[in-house]
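For reference, the structure is listed below as structure tokens.
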Amino acid sequence: MIATVAVNWAAVEPILPELLLITIGVLLIGCDLFLPRQRQLLPWLTVIGCLTALAMILGSRPTVAFGGMFLADGYAMVFKTICLGSVILSVLMSEHFCRVIGLRQGEYYSLMLFSLVGMLLMASAGDLMVLYLGLELMALPIYALVGLHKREQRTSEAAIKYFLMGSFGSALLLFGMSMVYGLTGTTEIARIAELIGSRQLVANPALLAGLGLLLAGFCFKVAVAPFHLWTPDVYEGAPTIVTAFMSVGPKAAGFAIFGRVLFVGLPELHGHWGPVLAVLALLTMAVGNITALCQQSLKRMLAYSAIAHAGYALLGLLAGTAEGMAATMTYLMVYLFMNIGAFAILMLLATPDAPCESIDDCKGLASRNPVAAALMLVFLFSLTGIPPTGGFIGKFYLLKAAFIAGYPLTVVGAVLFSAISAFFYLRVVRFMYMEAPQQTATLQFSPGMRAALGLCLLGVLGLGLFPGSLLNWTVSAFSGM
Amino acid sequence: MSIPLLSTLIFFPVLGGLSLLIVPRQQTATIRLMALFVSLVELLLTLPVVLLFDKTTARMQFTELHPWISTLNINYSLGIDGISILFLLLTALITLLSVLVSWEAIHDKVQEFFVALLLLEGAMMGVFCALDFFLFYIFWEAMLIPMFLIIGIWGGPNRIYATVKFFLYTLVGSLLMLVGIILLYQNGGHTFDILKLAGQNYSLKLQLILFWAFFAAFAVKVPMWPVHTWLPDAHTEAPAAGSVILAGVLIKMGAYGFLRFSLPILPEATQQMLVPMLVLSVIAIVYGAIICLAQTDLKRLIAYSSVSHMGFVTLGLFALNQRGLEGAILQMINHGVVTGALFLAIGMIYERTHTREISAYGGLATTMPVFAGFFLLFTLAAVGLPGTNGFIGEFLILLGGFERAPWAAVVAASGLILGAWYMLWLYQRIFFNEVSTSLHGLTQLNLREILTLTPMVVLIFWIGLYPNALLGFLHVSVGHLLDQVNGVGLAGPVLPPVNLP
Amino acid sequence: MNILLTLVWLLILFAVVMLHVAYATYFERKIIGHMQVRLGPMRVGWHGLLQPIADGIKSFFKEDIIPENADKPTFLAAPIICLVAMMTSLAVLPFAKGWVLADIDIGLLFIFAMSSLASYGVVLAGWASNSKYSFLGGLRSMAQVISYEISMGLSLVGVMLMAGSLNLSEIVEAQGDSFLGMYLMPQCIGFFVFFISMLAETNRVPFDLPEAETELVSGYCTEYSGMRYAIFFMAEYIGMMVMASIATICFLGGWNGPFAVPFFPPLWFVLKVYLFMFLFIWIRATLPRYRYDQLMDLGWKLLIPLALVNIVLTACLKALIS
Amino acid sequence: MIPLSWYMALAAILFCIGVCGFLTRRNVIIMFLSIELMLNGVNLNLVALSHFMDSVRGQAFTFFIITVAAAEAAIGLGIAIALYRSRRSVHVDTINHLKG
Amino acid sequence: MDAIPGEYLGILLLLIFGILFGVLTLFVGRFFRLSRPYREKLIAYESGNEPTAAPRMRFSVKFYLIAILFVVFDVECIYLYPWAVSYDRLGLFALVEMLLFIALLLVGYVYAWKKGVLQWEK
């Protein structure tokens with residue numbers, strides 16, 4: 001006999017945005033398969049879906065669903081906004097770029113959405129299981145996205161590297177999780193902290209080993225040195241649009257789980273993970289910034305810069321304070337706009353005949369197209385962290401958080417590496433404004449591209465000049481966790 | 001005060017600059033006229049500030065206070081005292097002159113140039129008005145971008161090296177200051193308000209750390225020896241307008257920073273570090289002057305002379321008495337006017353000859369007599385001839401320096417002699433001697449150029465003959481500043497301000 | 001349970017099964033012979049009754065050839081893997097109430113696991129022989145087995161839904177001892193899918209592509225001879241028997257029959273199994289072989305959707321009825 | 001009963017073999033198999049712990065890991081095929097078009 | 001022997017027995033059977049011709065695709081089985097969830113079909 005359990009449909013409510021996105025993803029597959037003529041509608045459908053989801057998420061009240069497995073709190077909301085933003089911006093740009101490089105797969109958009117759902121789950125994960133599922137749901141479509149452009153030789157190489165390294169990172173993470181589970185007997189992140197406290201496990205070597213594995217796994221995911229080795233190759237090999245997307249969205253989601261596990265699950269171990277992360281952050285900044293100095297490919301340079309930025313974002317995490325995490329969130333929000341913006345200009349340079357990913361291809365951009373050059377200028381200065389751009393506010397907030405938490409030397413290191421980073425960002429500016437053009441092809445802005453670039457500019461400058469509400473939001477988001 | 005005058009001063013050029021973007025790129029004439037209009041109006045806008053300024057109080061005036069980033073306790077807080085008001089005037093004036101001198105010198109990317117110039121003006125205004133450390137830092141760094149572009153795009157052949165060097169030197173310094181700001185924030189009651197930060201007693205160790213962090217930013221900007229090496233490169237390669245702004249305003253900001261932050265906030269550290277600072281200043285004076293003697297490049301020579309003159313400024317600052325400080329501030333204005341004028345003049349001649357080699361000139365006095373007259377005046381002002389403004393500043397500084405450290409004043413005085421030597425020698429090489437063959441048939445100065453140079457002449461004599469016009473603004477504010485520094489018990493006679501005719 | 005008792009049971013089971021295998025080959029040859037209007041084996045013993053014994057002795061003494069390029073350890077292990085996998089599945093089959101060697105809760109799952117394991121033997125044999133025919137045969141077999149494994153697995157979900165258990169004895173008992181209780185009727189779609197998948201899983205005509213004599217010269221066992229070949233053969237016939245038993249248990253009510261048999265409880269079970277064995281042979285004698293693409297199409301495009309439909313229907317109907 | 005530590009030791013050994021295999025082998029497929037080995041180490045750990053602690057979470061977790069591993073295998077093999085088609089090799093040393 | 005739950009003992013014994021049977025028949029048989037290998041007997045069978053080319057040639061990518069599809073579809077079963085077995089206890093909610101699950105599975109299936117993965121020969 002069927003048990004007559006009362007079906008509580010309201011329980012589904014917190015995950016409605018995710019369900020909506022999945023539905024739209026499925027719908028996109030259907031459209032692609034059965035209405036191939038209407039393919040140009042796919043990006044707009046995707047954007048509309050994402051915007052609806054964004055509205056739903058921003059309008060929702062903080063809740064705990066599925067017995068603590070899914071947390072729709074403010075913390076999740078911030079990260080979800082970042083992830084949705086990364087998808088919206090990339091999708092707006094993709095029509096243009098996919099046409100240029102001849103990437104015609106309609107699956108592209110649905111893969112993007114599925115990956116997005118994974119990220120949203122990660123942001124909301126209140127349980128190690130959900131965390132892992134979200135992580136993989138995010139990663140699997142990206143493996144495919146990286147390798148989607150089959151005509152290009154490099155993509156499959158990038159895809160296999162990303163795949164192997166990603167799976168390896170997941171495996172490390174899982175083993176760490178299994179050890180934490182073994183010691184505490186639960187996978188619920190909030191309970192882990194309680195049980196560590198009540199069972200006095202803080203100094204337990206097995207727990208420390210588990211922590212080490214967890215850290216390694218997370219560092220793989222957010223590309224922190226010395227676990228960053230896959231990043232440059234993958235970022236360079238993937239289609240630029242995918243690189244832009246994956247250098248922001250998945251990284252933000254990675255930081256979401258990183259922060260959640262460390263701050264909610266293992267706060268008592270801060271004495272252990274704080275210093276470790278400090279060293280890793282410095283190493284990451286060093287590797288990212290110094291290696292970026294000698295790159296000839298702009299795409300690869302941006303890849304290294306992405307590594308360096310992971311190092312900066314880590315500053316807030318290692319602080320272990322509410323302010324630190326809020327700073328990391330703020331920074332990632334700004335990073336969303338400036339990094340995708342920079343990649344967007346890189347995409348504009350591409351032509352069907354040549355990928356135009358070298359720094360030389362920027363030469364004389366100011367003469368070819370002053371608007372594009374000016375935008376790139378703003379994004380690059382923001383990446384360097386020069387006021388009045390958002391990049392400065394984000395970096396300042398991070399430095400302040402880490403400094404006040406008691407890591408002054410790390411902060412000084414970060415500042416020095418930040419100065420080094422100016423060198424290679426400036427090189428691009430130099431090439432754009434102070435050299436004669438090598439290419440003559442005119443740059444074309446599709447409507448989506450215009451919208452995306454406008455949003456990025458607005459984000460970078462708006463957050464630079466009026467960061468108040470964002471900071472309030474992130475601070476209150478964290479305190480609600 | 002219902003009209004936010006200072007905000008208007010900051011944002012009028014910014015908006016004006018951005019409005020240039022609306023004009024189609026090809027219409028360069030319109031763009032130039034608009035830029036001129038904006039900078040002229042900006043200069044006029046400073047007039048109400050000057051007229052309404054109350055010279056009898058050391059309090060900040062025209063203050064504006066709006067919460068900006070409440071999470072971090074950062075406010076949009078503006079205000080000026082007697083010290084900053086002079087710099088506002090200087091900035092507006094120098095920018096106007098820069099627009100004029102760039103009229104024909106800039107052919108390429110005209111739109112971008114004037115946008116950058118006006119944005120730069122807004123940022124400079126902001127630096128002098130900001131009363132919140134964070135806001136100050138934002139303006140301070142924001143100046144870098146347009147300046148980087150101005151030197152890098154419209155500069156001379158070696159411009160890229162120069163501009164990157166300029167940028168990186170400044171950036172490293174600024175970033176260290178940023179760490180210092182955070183440290184100050186942490187220990188100063190979690191505020192960025194400059195006035196609140198000043199009143200507190202920090203431990204000496206903290207003060208020393210902060211002093212060196214600020215030193216990194218300000219000394220690079222001044223530039224003090226030995227971090228001055230970016231200046232000759234930047235000066236040399238920058239377009240005329242860039243050089244004028246660099247010499248006229250930008251390098252004053254370092255000294256302004258010392259005045260506004262290091263001295264009042266870190267009084268004990270300042271007194272501890274007095275001797276090293278004086279030594280560095282004296283080295284800069286003498287070293288800059290000696291290097292000048294060996295220069296073959298016109299702009300480079302002026303650049304090194306700036307190093308030397310700024311040495312006087314820091315000497316005056318760290319003399320830490322009324323005369324020294326007033327002299328230093330006056331000397332900053334003077335230097336801005338004189339060196340600005342020199343760069344303007346050089347820019348004019350460079351447009352005609354396209355060379356900066358001193359040896360390529362000769363006998364210019366016969367071919368361009370009007371120009372020679374102007375240049376002679378500027379040279380004499382730079383040397384510090386009594387009656388010109390240069391004399392007043394240097395005299396006050398030496399007076400103050402002598403009270404604090406006679407040895408420093410003595411060595412610095414020798415710098416004056418060297419200064420006279422290289423400047424007059426320069427004048428001789430360019431304007432007298434044989435008429436160089438390449439200089440035949442140069443056109444005379446046109447009306448625009450004469451109009452550009454005339455205000456400088458007026459200023460030189462006005463300040464030189466009636467310095468109280470400016471010193472009047474300073475007395476109270478400097479006195480208050482000295483109270484802050486000496487409040488911790490520096491022994492020293494508090495002399496009444498010197499009254500000059 | 002006592003180890004000794006288990007051992008005795010095991011020996012009996014083994015002997016019976018071996019006998020079954022031997023005579024299944026005999027019956028197959030005989031039945032096909034008669035269906036094709038010929039006699040089949042007649043020489044050894046009365047109507048060739050001793051033929052299987054003679055075959056056994058022959059293969060035991062036959063020369064054992066290992067091809068020179070073969071991957072020897074794998075080559076040797078492959079047939080044993082097949083045999084062991086198939087034999088082990090016997091342990092969970094309930095021949096009658098209580099007549100089961102290992103009454104485990106995951107019986108059905110275990111059967112699936114073992115039948116997947118057997119396909120390793122096949123593919124390894126194909127690979128290790130280092131011969132083109134074997135290689136292709138092994139590959140085809142693998143593709144075929146895994147394709148039909150999905151439909152087979154899905155087709156039984158209906159049965160699980162109705163019985164609420166994976167334990168084979170419980171499945172039988174859930175059907176009750178009446179004729180109407182059998183899952184054959186309510187699960188007719190499932191049975192259809194299962195029956196076809198069963199043929200394909202055991203590599204029987206019309207799905208004997210992997211060992212098609214006329215195309216691949218016996219496929220994966222081209223290079224095998226003598227006793228090794230015999231072991232493959234045994235594994236295949238045990239496999240048929242296991243599949244027939246599963247069909248019996250899941251759809252025909254297992255050991256239940258119209259009336260209880262006093263001294264030999266598994267009688268109904270054996271009869272039902274032999275019914276299926278007869279069907280196997282009958283089909284072999286009657287139907288032509290499928291083409292490979294047809295075979296894959298059938299599995300992927302017809303059986304899998306059918307099985308899914310069956311699951312949905314069963315679940316919904318069950319929810320409606322209650 | 002076999003004590004828990006044996007299971008955990010076996011799991012750790014499996015995991016370490018996987019790590020070593022991943023780090024030392026140069027064939028993409030074998031590297032992938034090493035990862036699967038690591039995952040199975042995790043699974044073993046989780047199932048054993050779950051059994052001994054009488055908590056069902058570990059087993060549920062294992063379910064998910066198995067599923068995800070299957071999905072991963074599907075995508076990984078797909079990428080490996082694409083790679084082989086363009087390079088005629090799945091050896092890591094020949095995958096070196098990207099560097100700098 | 002306590003470590004093994006009773007029911008599995010039979011399986012273990014049968015397993016051992018199967019292996020023993022296979023190995024023993026093959027091993028014992030060695031002493032009785034002929035062994036006269038020569039080259040022609042030992043080379044791979046290729047209808048009587050000399051074998052040409054390596055036997056482990058590249059084969060159709062279709063086999064890979066089938067394998068990939070199998071892995072995905074087969075693993076979905078691990079959710080179907082527990083659900084089916086405890087269907088009675090789970091109630092309507094589980095039914096709806098499983099219907100959604102199957103619907104998603106069908107989406108993947110239709111996708112594969114439309115992409116021609118299920119078509120053996122194009």
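A note on labels: chains of the structure tokens are A, B, ... as shown, every chain counts residues from 1, and ligands are counted from 1 in their shown order.
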When you look at range 48-59 of chain D with a cut-off of 9 Å (counting only C-alpha atoms), what residues show up, excluding the ones that are within fewer than 3 positions of it in the same chain? I need them as a ChimeraX atom specification.
/A:129,178,181-182,185-187 /D:4,7-8,43-45,62-64
Could you build a table of the residues in chain E lying no more than 6 Å from chain D, giving for each the nearest pair of atoms and their separation in Å rounded to one decimal place, using only C-alpha atoms, ordered by chain and ascending residue number, as CSV?
```
residue,atom,partner,partner_atom,distance
E:Ala3,CA,D:Met1,CA,4.7
E:Ile68,CA,D:Ala74,CA,4.9
E:Val71,CA,D:Ala70,CA,5.9
E:Val72,CA,D:Ala70,CA,6.0
E:Val75,CA,D:Thr67,CA,6.0
```
Could you dump the residues just selected with N, CA and C atoms as a short mmCIF file (atom, residue, chain, number, x, y, z; two decimals), in the first residue's frame?
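Here's the written file out26.cif:
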```cif
data_model
loop_
_atom_site.label_atom_id
_atom_site.label_comp_id
_atom_site.auth_asym_id
_atom_site.auth_seq_id
_atom_site.Cartn_x
_atom_site.Cartn_y
_atom_site.Cartn_z
N ALA E 3 33.35 -13.58 10.06
CA ALA E 3 33.34 -12.27 9.42
C ALA E 3 32.36 -12.22 8.26
N ILE E 68 29.92 4.62 -23.41
CA ILE E 68 29.64 5.82 -22.61
C ILE E 68 28.16 5.89 -22.24
N VAL E 71 27.35 3.41 -19.50
CA VAL E 71 27.77 3.82 -18.16
C VAL E 71 26.74 4.77 -17.57
N VAL E 72 26.31 5.73 -18.39
CA VAL E 72 25.38 6.71 -17.86
C VAL E 72 24.03 6.06 -17.52
N VAL E 75 24.05 3.41 -14.60
CA VAL E 75 24.21 3.91 -13.24
C VAL E 75 22.93 4.57 -12.74
#
```
Glu173 in chain C: which residues within 12 Å, counting only C-alpha atoms, same-chain residues fewer than 6 positions away excluded, as a CSV table (one decimal) with C-alpha atoms, in the first residue's frame?
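Produced file selection-v4.csv, reproduced below:
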```csv
chain,number,residue,atom,x,y,z
C,94,PRO,CA,15.5,-20.5,-5.1
C,96,ALA,CA,11.8,-24.3,-4.2
C,97,LYS,CA,10.8,-22.9,-0.9
C,98,GLY,CA,14.0,-23.0,1.1
C,162,MET,CA,5.3,-5.0,-7.4
C,163,ALA,CA,7.2,-7.3,-5.1
C,164,GLY,CA,8.9,-4.6,-3.1
C,165,SER,CA,12.0,-6.7,-2.7
C,166,LEU,CA,15.2,-7.8,-4.5
C,167,ASN,CA,15.2,-11.1,-2.7
C,181,GLY,CA,-0.9,-13.8,-9.1
C,182,MET,CA,1.9,-14.4,-11.6
C,183,TYR,CA,3.5,-11.2,-12.8
C,249,ILE,CA,11.0,-16.5,-10.7
C,250,CYS,CA,10.1,-13.0,-11.7
C,251,PHE,CA,7.3,-13.7,-14.1
C,252,LEU,CA,6.0,-17.2,-13.8
C,253,GLY,CA,5.7,-17.6,-10.1
C,254,GLY,CA,8.8,-19.7,-9.4
C,255,TRP,CA,8.2,-23.0,-7.7
C,256,ASN,CA,4.5,-22.4,-7.3
```
Determine which residues of range 72-131 of chain C receive a DSSP assignment of alpha helix (DSSP H), computed from the backbone, and state them as a ChimeraX atom specification.
/C:72-90,107-129
Quick check: residues of chain B within 8 Å of chain A, only C-alpha atoms, returned as a list in words.
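The contacting residues on chain B are Trp68, Ile69, Ser70, Thr71, Ile138, Phe139, Glu141, Ala142, Gly152, Ile153, Ile160, Val164, Leu168, Leu171, Val172, Leu175, Leu176, Val179, Ile182, Leu183 and Gln186 of chain B.
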